[in-house]
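**Q** Quick one, my_file12.cif (mmCIF, C-alpha atoms):
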```cif
data_query
loop_
_atom_site.label_atom_id
_atom_site.label_comp_id
_atom_site.auth_asym_id
_atom_site.auth_seq_id
_atom_site.Cartn_x
_atom_site.Cartn_y
_atom_site.Cartn_z
CA MET A 1 1.25 0.36 -45.85
CA LEU A 2 -0.11 1.71 -42.60
CA ARG A 3 -3.61 1.16 -43.90
CA ASP A 4 -2.91 -2.54 -44.51
CA TYR A 5 -0.46 -3.47 -41.74
CA PRO A 6 -0.21 -2.62 -38.02
CA VAL A 7 3.05 -0.71 -37.44
CA ASP A 8 4.54 0.21 -34.07
CA VAL A 9 7.21 2.72 -35.12
CA VAL A 10 7.90 4.74 -38.29
CA LEU A 11 11.19 6.52 -39.08
CA ILE A 12 10.67 9.58 -41.28
CA ASP A 13 13.38 11.61 -42.99
CA LEU A 14 12.39 15.26 -43.29
CA GLY A 15 14.07 15.51 -46.71
CA LEU A 16 11.59 13.35 -48.67
CA PRO A 17 11.27 13.90 -52.46
CA ASP A 18 7.46 13.76 -52.83
CA ILE A 19 6.04 15.14 -49.57
CA PRO A 20 7.50 17.27 -46.75
CA GLY A 21 8.45 15.06 -43.82
CA VAL A 22 6.56 17.26 -41.34
CA GLU A 23 3.38 16.87 -43.40
CA LEU A 24 3.78 13.08 -43.48
CA LEU A 25 4.40 13.11 -39.71
CA ALA A 26 1.16 15.04 -39.14
CA ARG A 27 -0.82 12.62 -41.36
CA VAL A 28 0.58 9.52 -39.62
CA ARG A 29 -0.15 10.87 -36.12
CA SER A 30 -3.62 12.01 -37.19
CA ASP A 31 -4.74 8.85 -38.99
CA TYR A 32 -2.77 6.26 -36.97
CA PRO A 33 -2.33 7.75 -33.46
CA SER A 34 -1.11 4.44 -32.02
CA THR A 35 1.96 4.50 -34.31
CA GLU A 36 5.03 6.27 -32.89
CA VAL A 37 7.20 8.42 -35.19
CA ILE A 38 10.94 9.14 -35.01
CA ILE A 39 12.23 12.01 -37.16
CA LEU A 40 15.62 11.84 -38.92
CA THR A 41 17.11 14.99 -40.42
CA GLY A 42 20.25 16.86 -41.30
CA ASN A 43 18.45 20.12 -40.44
CA THR A 44 19.52 21.17 -36.95
CA THR A 45 17.30 24.24 -36.47
CA LEU A 46 15.49 24.47 -33.16
CA GLU A 47 12.29 25.64 -34.89
CA THR A 48 12.09 22.44 -36.95
CA ALA A 49 12.61 20.25 -33.90
CA ILE A 50 9.91 22.10 -31.95
CA GLU A 51 7.47 21.84 -34.88
CA CYS A 52 8.04 18.07 -35.15
CA MET A 53 7.57 17.49 -31.42
CA LYS A 54 4.36 19.53 -31.50
CA GLU A 55 3.09 17.31 -34.33
CA GLY A 56 3.63 14.26 -32.11
CA ALA A 57 7.12 12.91 -32.92
CA CYS A 58 8.47 10.85 -30.02
CA ASP A 59 12.12 11.62 -30.91
CA PHE A 60 14.20 13.89 -33.19
CA LEU A 61 17.62 12.62 -34.37
CA ILE A 62 20.29 14.58 -36.26
CA LYS A 63 22.24 12.95 -39.11
CA PRO A 64 24.85 11.59 -39.23
CA MET A 65 23.75 9.60 -36.19
CA ASP A 66 25.28 7.02 -33.93
CA CYS A 67 23.76 3.56 -34.49
CA ASP A 68 23.53 2.90 -30.76
CA LYS A 69 21.51 6.11 -30.28
CA LEU A 70 19.19 5.15 -33.13
CA ILE A 71 18.61 1.65 -31.70
CA ALA A 72 18.01 3.11 -28.22
CA SER A 73 15.49 5.58 -29.68
CA ILE A 74 13.62 2.79 -31.50
CA ARG A 75 13.54 0.69 -28.33
CA ARG A 76 12.06 3.59 -26.36
CA ALA A 77 9.46 4.16 -29.08
CA VAL A 78 8.45 0.48 -29.10
CA GLU A 79 8.17 0.52 -25.30
CA LEU A 80 6.07 3.70 -25.42
CA ARG A 81 3.79 2.10 -28.03
CA SER A 82 3.42 -0.95 -25.77
CA LEU A 83 2.58 1.19 -22.73
CA ASN A 84 0.01 3.20 -24.68
CA GLY A 85 -1.57 -0.05 -25.87
CA GLU A 86 -1.77 -1.26 -22.26
CA VAL A 87 -3.48 1.96 -21.17
CA VAL A 88 -6.01 1.76 -24.04
CA SER A 89 -6.79 -1.87 -23.15
CA LEU A 90 -7.31 -0.99 -19.50
CA LYS A 91 -9.58 1.94 -20.36
CA GLN A 92 -11.70 -0.28 -22.61
CA LEU A 93 -12.30 -2.82 -19.87
CA PRO A 94 -15.81 -2.51 -18.40
CA LEU A 95 -15.60 -1.44 -14.77
CA PRO A 96 -17.47 -3.78 -12.42
CA ASP A 97 -20.36 -2.38 -10.39
CA LYS A 98 -18.96 -3.79 -7.15
CA LEU A 99 -15.50 -3.71 -5.66
CA ALA A 100 -13.63 -6.96 -5.30
CA ASN A 101 -12.63 -6.01 -1.75
CA GLU A 102 -14.46 -3.16 -0.02
CA ALA A 103 -12.14 -3.39 3.00
CA ASP A 104 -9.19 -2.10 0.97
CA PHE A 105 -10.99 1.25 0.59
CA ALA A 106 -12.30 1.53 4.15
CA GLN A 107 -10.00 4.47 5.01
CA ILE A 108 -11.61 6.71 2.37
CA ILE A 109 -14.97 7.87 3.70
CA THR A 110 -17.44 8.36 0.86
CA CYS A 111 -20.77 7.45 -0.69
CA ASN A 112 -20.19 9.61 -3.78
CA LYS A 113 -20.73 8.01 -7.20
CA LYS A 114 -17.65 9.58 -8.80
CA MET A 115 -15.50 8.41 -5.92
CA ARG A 116 -16.79 4.86 -6.34
CA GLU A 117 -15.81 5.01 -10.02
CA ILE A 118 -12.30 5.99 -8.98
CA PHE A 119 -12.19 3.00 -6.62
CA ARG A 120 -13.14 0.66 -9.45
CA TYR A 121 -10.47 2.18 -11.69
CA ILE A 122 -7.88 1.63 -8.94
CA GLU A 123 -8.82 -2.04 -8.78
CA VAL A 124 -8.44 -2.33 -12.58
CA ILE A 125 -4.91 -0.84 -12.61
CA ALA A 126 -3.77 -2.66 -9.46
CA VAL A 127 -2.17 -5.45 -11.53
CA SER A 128 -0.01 -2.96 -13.47
CA ARG A 129 3.47 -2.04 -12.25
CA GLN A 130 3.50 1.22 -14.21
CA PRO A 131 3.62 4.55 -12.35
CA VAL A 132 0.41 6.13 -11.05
CA LEU A 133 -0.04 9.92 -11.09
CA LEU A 134 -2.36 11.34 -8.43
CA THR A 135 -3.61 14.87 -9.07
CA GLY A 136 -5.87 17.05 -6.96
CA GLU A 137 -6.02 20.15 -4.82
CA THR A 138 -4.30 20.49 -1.46
CA GLY A 139 -6.09 18.56 1.25
CA VAL A 140 -7.98 16.02 -0.89
CA GLY A 141 -6.03 13.11 0.61
CA LYS A 142 -3.53 12.10 -2.07
CA GLU A 143 -1.32 10.13 0.35
CA LEU A 144 -4.39 8.25 1.61
CA TYR A 145 -5.14 7.25 -1.98
CA ALA A 146 -1.51 6.18 -2.47
CA HIS A 147 -1.78 3.95 0.63
CA THR A 148 -4.98 2.48 -0.80
CA ILE A 149 -3.42 1.73 -4.20
CA HIS A 150 -0.54 0.01 -2.40
CA LYS A 151 -2.98 -2.08 -0.39
CA VAL A 152 -5.12 -3.02 -3.40
CA SER A 153 -2.01 -3.97 -5.39
CA LYS A 154 -1.08 -6.57 -2.71
CA CYS A 155 2.58 -5.56 -2.90
CA GLN A 156 4.86 -7.64 -0.70
CA GLY A 157 7.15 -4.76 0.24
CA ASP A 158 6.67 -1.61 2.31
CA PHE A 159 4.89 1.63 1.52
CA VAL A 160 7.49 4.42 1.67
CA ALA A 161 6.48 8.09 1.35
CA VAL A 162 8.65 11.15 0.78
CA ASN A 163 7.79 14.79 0.11
CA VAL A 164 10.25 16.01 -2.53
CA ALA A 165 9.28 19.69 -2.29
CA GLY A 166 12.27 21.81 -1.34
CA LEU A 167 14.85 19.05 -1.94
CA ASP A 168 17.87 20.16 -3.95
CA ASP A 169 19.44 17.67 -6.37
CA LEU A 170 22.00 16.32 -3.87
CA MET A 171 19.42 15.83 -1.14
CA PHE A 172 16.99 14.24 -3.61
CA SER A 173 19.64 11.76 -4.80
CA ASP A 174 20.79 10.96 -1.28
CA THR A 175 17.24 10.52 0.02
CA LEU A 176 16.04 8.28 -2.81
CA PHE A 177 19.19 6.44 -3.87
CA GLY A 178 21.46 6.53 -0.80
CA HIS A 179 25.24 6.97 -0.79
CA MET A 180 28.52 5.12 -0.42
CA LYS A 181 30.89 5.83 2.44
CA GLY A 182 33.09 8.83 1.61
CA SER A 183 30.97 9.94 -1.35
CA TYR A 184 30.83 13.47 0.09
CA THR A 185 31.98 15.35 3.18
CA GLY A 186 30.20 13.93 6.19
CA ALA A 187 29.29 10.59 4.54
CA ASP A 188 31.01 8.55 7.27
CA SER A 189 29.12 5.36 6.41
CA SER A 190 27.12 3.90 3.55
CA ARG A 191 23.35 4.32 3.55
CA ASP A 192 20.58 2.76 1.49
CA GLY A 193 18.03 5.14 -0.03
CA LEU A 194 14.24 4.99 0.08
CA VAL A 195 14.06 3.28 -3.34
CA GLY A 196 15.84 0.30 -1.80
CA LYS A 197 13.64 0.43 1.28
CA ALA A 198 10.56 0.25 -0.97
CA ALA A 199 11.78 -2.89 -2.77
CA GLU A 200 8.83 -5.07 -3.91
CA GLY A 201 6.59 -2.37 -2.46
CA THR A 202 5.54 1.20 -3.26
CA LEU A 203 7.50 4.46 -3.30
CA PHE A 204 5.22 7.50 -2.99
CA LEU A 205 6.67 10.84 -4.14
CA ASP A 206 4.58 13.85 -3.14
CA GLU A 207 4.77 17.40 -4.57
CA ILE A 208 6.56 16.20 -7.72
CA GLY A 209 5.85 19.53 -9.45
CA ASP A 210 8.52 21.20 -7.29
CA LEU A 211 11.32 18.88 -8.43
CA VAL A 212 14.34 20.60 -10.06
CA GLU A 213 15.26 19.55 -13.61
CA SER A 214 18.44 17.66 -12.67
CA SER A 215 16.41 15.53 -10.26
CA GLN A 216 13.70 15.06 -12.90
CA ILE A 217 16.32 13.49 -15.19
CA LYS A 218 17.33 11.01 -12.47
CA LEU A 219 13.72 10.12 -11.79
CA LEU A 220 13.15 9.58 -15.51
CA ARG A 221 16.06 7.13 -15.63
CA LEU A 222 14.66 5.27 -12.61
CA ILE A 223 11.32 4.86 -14.41
CA GLN A 224 12.76 3.99 -17.84
CA GLU A 225 15.56 1.64 -16.81
CA GLN A 226 14.25 0.47 -13.40
CA GLU A 227 17.72 1.12 -12.02
CA TYR A 228 19.62 3.82 -10.13
CA TYR A 229 23.08 4.73 -8.84
CA GLN A 230 23.97 5.49 -5.24
CA LEU A 231 26.05 8.62 -4.70
CA GLY A 232 29.72 7.71 -5.05
CA SER A 233 29.04 4.48 -6.97
CA ASP A 234 29.16 3.61 -10.66
CA THR A 235 27.40 0.26 -10.19
CA PRO A 236 23.69 0.31 -11.16
CA ILE A 237 21.15 -1.16 -8.75
CA LYS A 238 17.89 -2.62 -10.02
CA SER A 239 14.67 -1.23 -8.54
CA SER A 240 11.55 -3.32 -7.92
CA ALA A 241 9.49 -0.54 -6.31
CA ARG A 242 6.28 0.70 -7.88
CA LEU A 243 6.09 4.48 -8.13
CA ILE A 244 3.09 6.59 -7.14
CA ILE A 245 3.51 10.30 -7.77
CA ALA A 246 1.32 13.15 -6.54
CA THR A 247 0.99 16.86 -7.24
CA ASN A 248 -1.46 19.70 -6.70
CA GLN A 249 0.07 21.63 -9.62
CA ASP A 250 -0.84 21.65 -13.30
CA LEU A 251 2.07 19.70 -14.81
CA LYS A 252 1.01 20.56 -18.38
CA ASN A 253 1.21 24.24 -17.51
CA LEU A 254 4.65 23.69 -15.96
CA MET A 255 5.74 21.96 -19.20
CA THR A 256 4.75 24.96 -21.32
CA LYS A 257 6.85 27.16 -19.02
CA GLY A 258 9.82 24.81 -19.34
CA LEU A 259 9.71 23.86 -15.66
CA PHE A 260 8.78 20.20 -16.11
CA ARG A 261 10.18 17.73 -18.62
CA LYS A 262 7.74 16.44 -21.23
CA ASP A 263 9.36 13.00 -21.41
CA LEU A 264 9.01 12.61 -17.65
CA PHE A 265 5.37 13.74 -17.71
CA TYR A 266 4.40 11.17 -20.33
CA ARG A 267 6.17 8.47 -18.33
CA LEU A 268 4.32 9.42 -15.17
CA CYS A 269 0.79 9.60 -16.54
CA THR A 270 0.41 5.98 -17.69
CA HIS A 271 -2.29 5.64 -15.03
CA GLN A 272 -3.79 8.88 -13.74
CA VAL A 273 -6.22 9.39 -10.85
CA CYS A 274 -7.76 12.84 -10.47
CA ILE A 275 -9.17 13.22 -6.96
CA PRO A 276 -12.20 15.56 -6.83
CA PRO A 277 -12.32 18.48 -4.38
CA LEU A 278 -14.73 18.31 -1.44
CA ARG A 279 -17.03 20.93 -2.99
CA ASP A 280 -17.73 18.42 -5.81
CA ARG A 281 -18.77 15.67 -3.38
CA LEU A 282 -20.92 17.51 -0.83
CA ASP A 283 -23.07 14.39 -0.39
CA ASP A 284 -20.13 13.05 1.66
CA ILE A 285 -20.40 15.86 4.25
CA PRO A 286 -22.66 13.91 6.69
CA LEU A 287 -20.41 10.83 6.58
CA LEU A 288 -17.22 12.86 7.00
CA LEU A 289 -18.71 14.97 9.78
CA ASN A 290 -19.76 11.94 11.84
CA HIS A 291 -16.42 10.24 11.21
CA PHE A 292 -14.33 13.24 12.27
CA ILE A 293 -16.48 13.96 15.32
CA LYS A 294 -16.04 10.36 16.49
CA ILE A 295 -12.27 10.18 16.07
CA ALA A 296 -11.80 13.69 17.50
CA ALA A 297 -13.80 12.83 20.63
CA GLN A 298 -11.94 9.53 21.06
CA SER A 299 -8.53 11.20 20.70
CA MET A 300 -9.47 13.78 23.37
CA GLY A 301 -11.16 11.33 25.73
CA LYS A 302 -14.54 13.03 25.36
CA ILE A 303 -18.09 11.77 24.90
CA VAL A 304 -19.06 11.91 21.23
CA PRO A 305 -21.19 15.09 20.97
CA SER A 306 -24.33 15.51 18.87
CA TYR A 307 -24.98 18.44 16.53
CA PRO A 308 -28.01 20.37 15.21
CA GLN A 309 -29.30 19.19 11.83
CA GLU A 310 -28.81 22.70 10.44
CA LEU A 311 -25.06 22.05 10.67
CA ILE A 312 -25.16 19.73 7.64
CA THR A 313 -26.84 22.45 5.59
CA LEU A 314 -24.38 25.08 6.82
CA LEU A 315 -21.33 22.96 6.01
CA SER A 316 -22.71 22.23 2.54
CA THR A 317 -22.63 25.96 1.69
CA TYR A 318 -18.86 26.32 2.18
CA GLU A 319 -16.28 26.10 -0.62
CA TYR A 320 -13.51 24.27 1.36
CA PRO A 321 -10.32 25.61 -0.26
CA GLY A 322 -8.47 23.21 2.06
CA ASN A 323 -10.81 20.33 1.16
CA VAL A 324 -11.23 17.30 3.48
CA ARG A 325 -8.23 18.33 5.57
CA GLU A 326 -9.87 21.70 6.28
CA LEU A 327 -13.16 20.07 7.31
CA GLN A 328 -11.26 17.71 9.63
CA ALA A 329 -9.38 20.61 11.25
CA MET A 330 -12.65 22.51 11.64
CA VAL A 331 -14.36 19.60 13.39
CA PHE A 332 -11.39 18.85 15.67
CA ASP A 333 -11.28 22.51 16.74
CA MET A 334 -14.98 22.57 17.57
CA VAL A 335 -14.84 19.27 19.49
CA ALA A 336 -11.85 20.56 21.48
CA ARG A 337 -13.70 23.76 22.39
CA ASN A 338 -16.99 22.01 23.13
CA SER A 339 -17.92 21.65 26.81
CA TYR A 340 -21.49 20.46 26.24
CA HIS A 341 -23.06 17.41 24.63
CA GLN A 342 -23.93 19.27 21.42
CA LEU A 343 -21.61 21.13 19.05
CA SER A 344 -22.26 24.84 18.58
CA LEU A 345 -23.74 25.91 15.24
CA GLU A 346 -22.54 29.47 15.90
CA GLY A 347 -18.99 28.23 16.37
CA PHE A 348 -19.01 26.63 12.91
CA LYS A 349 -20.50 29.81 11.45
CA SER A 350 -17.61 31.79 12.91
CA ILE A 351 -14.98 29.43 11.45
CA ILE A 352 -16.63 29.49 8.01
CA LYS A 353 -16.80 33.28 8.10
CA ARG A 354 -13.05 33.49 8.80
CA GLY A 355 -12.41 30.99 6.01
CA ARG A 356 -14.35 33.07 3.51
CA GLU A 357 -12.62 36.27 4.56
CA ALA A 358 -9.25 34.59 3.89
CA ILE A 359 -10.14 33.86 0.24
CA PRO A 360 -8.46 36.45 -2.07
CA ILE A 361 -10.87 38.85 -3.75
CA SER A 362 -9.63 37.72 -7.20
CA THR A 363 -10.77 34.17 -6.40
CA LEU A 364 -14.20 35.42 -5.39
CA MET A 365 -14.41 37.43 -8.62
CA MET A 366 -13.49 34.40 -10.71
CA GLN A 367 -16.17 32.37 -8.96
CA SER A 368 -18.78 35.10 -9.46
CA GLY A 369 -18.44 35.87 -13.14
CA GLU A 370 -16.17 36.15 -16.16
CA PHE A 371 -12.72 37.31 -15.08
CA ASN A 372 -10.12 39.03 -17.23
CA ALA A 373 -6.62 39.24 -15.77
CA ALA A 374 -5.93 42.61 -17.36
CA ASN A 375 -9.24 44.37 -16.85
CA GLY A 376 -10.70 42.61 -13.82
CA ILE A 377 -14.26 41.32 -13.86
CA SER A 378 -16.61 42.14 -16.70
CA PHE A 379 -20.38 41.84 -16.85
CA ILE A 380 -22.75 42.18 -19.78
CA ARG A 381 -24.81 44.60 -17.66
CA PHE A 382 -24.00 45.91 -14.19
CA PRO A 383 -26.87 45.00 -11.81
CA THR A 384 -28.70 47.50 -9.64
CA LEU A 385 -28.43 47.27 -5.85
CA LYS A 386 -31.99 45.93 -5.62
CA GLU A 387 -31.32 43.27 -8.25
CA ALA A 388 -28.08 42.28 -6.54
CA GLU A 389 -29.84 42.07 -3.15
CA ILE A 390 -32.59 39.82 -4.54
CA GLU A 391 -30.06 37.59 -6.29
CA LEU A 392 -27.90 37.28 -3.16
CA ILE A 393 -30.89 36.42 -0.97
CA ASN A 394 -32.19 33.84 -3.45
CA ARG A 395 -28.73 32.30 -3.81
CA ALA A 396 -28.25 32.14 -0.02
CA LEU A 397 -31.66 30.50 0.46
CA GLU A 398 -30.88 28.03 -2.32
CA LEU A 399 -27.56 27.06 -0.73
CA ALA A 400 -29.21 26.86 2.71
CA LYS A 401 -32.04 24.74 1.27
CA GLY A 402 -34.60 27.21 2.56
CA ASN A 403 -33.21 27.46 6.09
CA GLN A 404 -33.43 31.18 6.86
CA GLY A 405 -31.07 31.01 9.84
CA VAL A 406 -28.28 29.51 7.77
CA ALA A 407 -29.05 31.86 4.84
CA ALA A 408 -28.81 34.86 7.16
CA SER A 409 -25.38 33.72 8.39
CA LEU A 410 -24.21 33.40 4.79
CA LEU A 411 -25.33 36.96 4.11
CA GLY A 412 -23.75 38.26 7.32
CA ILE A 413 -27.04 39.60 8.74
CA SER A 414 -29.47 38.58 11.47
CA ARG A 415 -32.46 36.37 10.76
CA GLN A 416 -34.78 39.29 11.56
CA ALA A 417 -32.97 41.50 9.03
CA LEU A 418 -33.37 38.77 6.42
CA ASN A 419 -37.10 38.54 7.14
CA ASN A 420 -37.42 42.31 6.72
CA ARG A 421 -35.67 42.16 3.32
CA LEU A 422 -37.81 39.23 2.21
CA ARG A 423 -40.95 41.26 3.01
CA ARG A 424 -39.60 44.26 1.08
CA THR A 425 -38.77 42.24 -2.02
CA SER A 426 -41.92 40.09 -2.05
#
```
Please go through the file and, once you have read it, give me the structure as structure tokens.

**A**
Amino acid sequence: MLRDYPVDVVLIDLGLPDIPGVELLARVRSDYPSTEVIILTGNTTLETAIECMKEGACDFLIKPMDCDKLIASIRRAVELRSLNGEVVSLKQLPLPDKLANEADFAQIITCNKKMREIFRYIEVIAVSRQPVLLTGETGVGKELYAHTIHKVSKCQGDFVAVNVAGLDDLMFSDTLFGHMKGSYTGADSSRDGLVGKAAEGTLFLDEIGDLVESSQIKLLRLIQEQEYYQLGSDTPIKSSARLIIATNQDLKNLMTKGLFRKDLFYRLCTHQVCIPPLRDRLDDIPLLLNHFIKIAAQSMGKIVPSYPQELITLLSTYEYPGNVRELQAMVFDMVARNSYHQLSLEGFKSIIKRGREAIPISTLMMQSGEFNAANGISFIRFPTLKEAEIELINRALELAKGNQGVAASLLGISRQALNNRLRRTS
């Protein structure tokens, strides 16, 4: 039947006479991945439920079941099928070479090809009202991207941002949904929450990976039903805000640890934007450097200083664990300390040196070779000191693009000492 007719949802009883229900589930999800499957069973073992969910079932119902629960489950499955179809359609659309409106992206400074592809994807999903999940390391600018998505979407309402990290369930509910007068001690008057403030606009929730499970359930209801309850009220309020969610954590890893709900994750990732770290877009360093120097000088009432060309090469050798935010802080610090018309190369070298010293040794080991958590780092053959010295010098010169002064600073030696080593190894 599935071979001949398109089917949105299949209900499978585990107690089938000719084939085990789990095996049929696996075949349906493998051969017809767009078809959702709901499992019905009288077997209540946790192991069976886990096995079915791993095979791709969207729900697991125990017989005898309530008809209302069954209908609700089918409705959710049909909606999930519809959302997945929307995502597939969007992904199959050819992305245009040019942006419809360059001005909407003016706040994000870049010339990087991957970044431009992200911009085009944002324009494609702008018409959708489904949630957008922004992922990326600390400092990549997730809130800036959220602002941009709001602008591109042409929402009529406000952009409202809230960091949910550290909020307990009561504070989360009060902040997002508001409360009625007298709902708890100290609630002397009613207050609207941020969901209401973001009506017809965008609600941006940052650090979603830190949300406690009880708050995750409330957020899931907001997404599924587009409604919420104020504290102290049993009257639902419809929400018209689009949700943009951000995290620097691995939500899939949190799911395996039982710290993040799977149903919430799959609701959040309808549209997903992964923002690359600065070390993967080093061609943007010159643009970002000039931009930050200009706004730093203007904010301090100073003349915009120049800088030696070696600075671009030096900055391109750094790993930026704090990403764009770290580069901005670095530039602002140097402009503040600068009393001449040119920024000091040595000052930047000093900041980068401190930054590298702050990186844990385990991180350096993982970047240098194969790392095993139990045994530390392992090499096929341990290099000799001479081999290691040659490799380090060659790597430093490669990163510095042949500039011996910058290479020497990377190695922590003087330029003369580097010249002496180059003569010895040549």

**Q** Return the single residue from A:Arg267, A:Tyr320, A:Gly196, A:Leu411 that is closest to Leu397 (chain A), with distances computed using only C-alpha atoms.

**A** A:Leu411

**Q** Tell me which residues the PyMOL selection byres ((chain A and resi 60) around 6) grabs here, as a list in words.

**A**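 With the shown file as input, the PyMOL selection byres ((chain A and resi 60) around 6) matches Ile39, Asp59 and Leu61 of chain A.
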
**Q** Could you tell me which of A:Asp234, A:Glu207, A:Asp263, A:Asp169 comes closest to Ser183 (chain A) if we count all atoms listed in the file?

**A**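 The answer is A:Asp234, which sits nearest to Ser183 (chain A).
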
**Q** Return as a ChimeraX atom specification the set of residues that the PyMOL selection byres ((chain A and resi 317) around 10) yields on the displayed structure.

**A** /A:279,282,312-316,318-320,352,396,398-401,406-407,410

**Q** Apply the PyMOL selection byres ((chain A and resi 268) around 12) to the file shown and report the selected residues as a ChimeraX atom specification.

**A** /A:80,83,129-135,205,208-209,216,219-224,242-247,251,260-267,269-273

**Q** Have a look at A:Arg29, A:Lys238, A:Lys154, A:Arg421 and name the one nearest to Met53 (chain A); count all atoms listed in the file.

**A**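 Looking at the shortest contact to Met53 (chain A), the residue is A:Arg29.
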
**Q** If you measure from CA of Leu11 (chain A) to CA of Leu46 (chain A), what distance in Å do you get, rounded to one decimal?

**A**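 Going from CA of Leu11 (chain A) over to CA of Leu46 (chain A), I get 19.4 Å.
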
**Q** When you look at Leu25 (chain A) with a cut-off of 8 Å (counting all atoms listed in the file), what residues show up, excluding the ones that are within fewer than 4 positions of it in the same chain? I need them as a PDB file with C-alpha atoms, in the frame of the given file.

**A**
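Here's the written file around05.pdb:
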```pdb
ATOM      1  CA  ILE A  12      10.670   9.580 -41.280  1.00  0.00           C
ATOM      2  CA  GLY A  21       8.450  15.060 -43.820  1.00  0.00           C
ATOM      3  CA  ARG A  29      -0.150  10.870 -36.120  1.00  0.00           C
ATOM      4  CA  VAL A  37       7.200   8.420 -35.190  1.00  0.00           C
ATOM      5  CA  CYS A  52       8.040  18.070 -35.150  1.00  0.00           C
ATOM      6  CA  GLU A  55       3.090  17.310 -34.330  1.00  0.00           C
ATOM      7  CA  GLY A  56       3.630  14.260 -32.110  1.00  0.00           C
ATOM      8  CA  ALA A  57       7.120  12.910 -32.920  1.00  0.00           C
TER       9      ALA A  57
END
```

**Q** What gap, in Å, lies between CA of Ile293 (chain A) and CA of Pro305 (chain A)?

**A** 7.4 Å

**Q** Go ahead and compute the interatomic distance for CA of Leu254 (chain A) and CA of Tyr145 (chain A), in Å to one decimal.

**A** 23.7 Å

**Q** For Ile285 (chain A), which residue among A:Ser173, A:Gln404, A:Thr35, A:Asn112 is the nearest when counting all atoms listed in the file?

**A** A:Asn112

**Q** Please identify all polymer residues lying at most 10 Å from the point (27.2, 5.6, -8.7) (file coordinates), using all atoms listed in the file, and present the result as a count of residues only.

**A** 15

**Q** Got a sec: who's within 12 Å of Arg81 (chain A), counting all atoms listed in the file, leaving out chain neighbours fewer than 3 positions off, as a ChimeraX atom specification?

**A** /A:6-10,32-37,58,74-78,84-88,266-267,270

**Q** Please provide as a ChimeraX atom specification all residues within 10 Å of region 342-349 of chain A, with the sequence filter that same-chain residues fewer than 5 positions apart are discarded (counting all atoms listed in the file).

**A** /A:293,304-312,314-315,330-331,333-335,337,354-355,406,409-410,412

**Q** Some atoms are absent from region 228-240 of chain A, so rebuild N, CA and C atoms and return them as an mmCIF file, in the coordinates of the input.

**A**
```
data_model
loop_
_atom_site.group_PDB
_atom_site.id
_atom_site.type_symbol
_atom_site.label_atom_id
_atom_site.label_comp_id
_atom_site.auth_asym_id
_atom_site.auth_seq_id
_atom_site.Cartn_x
_atom_site.Cartn_y
_atom_site.Cartn_z
ATOM 1 N N TYR A 228 19.120 2.545 -10.650
ATOM 2 C CA TYR A 228 19.620 3.820 -10.130
ATOM 3 C C TYR A 228 21.042 3.625 -9.630
ATOM 4 N N TYR A 229 21.715 4.757 -9.362
ATOM 5 C CA TYR A 229 23.080 4.730 -8.840
ATOM 6 C C TYR A 229 23.100 5.421 -7.482
ATOM 7 N N GLN A 230 23.735 4.811 -6.509
ATOM 8 C CA GLN A 230 23.970 5.490 -5.240
ATOM 9 C C GLN A 230 25.052 6.547 -5.437
ATOM 10 N N LEU A 231 25.009 7.591 -4.636
ATOM 11 C CA LEU A 231 26.050 8.620 -4.700
ATOM 12 C C LEU A 231 27.402 7.975 -4.390
ATOM 13 N N GLY A 232 28.391 8.260 -5.244
ATOM 14 C CA GLY A 232 29.720 7.710 -5.050
ATOM 15 C C GLY A 232 29.926 6.334 -5.638
ATOM 16 N N SER A 233 28.928 5.816 -6.385
ATOM 17 C CA SER A 233 29.040 4.480 -6.970
ATOM 18 C C SER A 233 28.745 4.542 -8.463
ATOM 19 N N ASP A 234 29.446 3.711 -9.236
ATOM 20 C CA ASP A 234 29.160 3.610 -10.660
ATOM 21 C C ASP A 234 28.558 2.247 -11.001
ATOM 22 N N THR A 235 28.039 1.556 -9.993
ATOM 23 C CA THR A 235 27.400 0.260 -10.190
ATOM 24 C C THR A 235 25.888 0.425 -10.120
ATOM 25 N N PRO A 236 25.149 0.144 -11.193
ATOM 26 C CA PRO A 236 23.690 0.310 -11.160
ATOM 27 C C PRO A 236 23.024 -0.721 -10.252
ATOM 28 N N ILE A 237 21.941 -0.292 -9.617
ATOM 29 C CA ILE A 237 21.150 -1.160 -8.750
ATOM 30 C C ILE A 237 19.744 -1.247 -9.324
ATOM 31 N N LYS A 238 19.228 -2.432 -9.484
ATOM 32 C CA LYS A 238 17.890 -2.620 -10.020
ATOM 33 C C LYS A 238 16.835 -2.246 -8.969
ATOM 34 N N SER A 239 15.771 -1.617 -9.428
ATOM 35 C CA SER A 239 14.670 -1.230 -8.540
ATOM 36 C C SER A 239 13.439 -2.084 -8.831
ATOM 37 N N SER A 240 12.787 -2.543 -7.772
ATOM 38 C CA SER A 240 11.550 -3.320 -7.920
ATOM 39 C C SER A 240 10.372 -2.607 -7.267
#
```
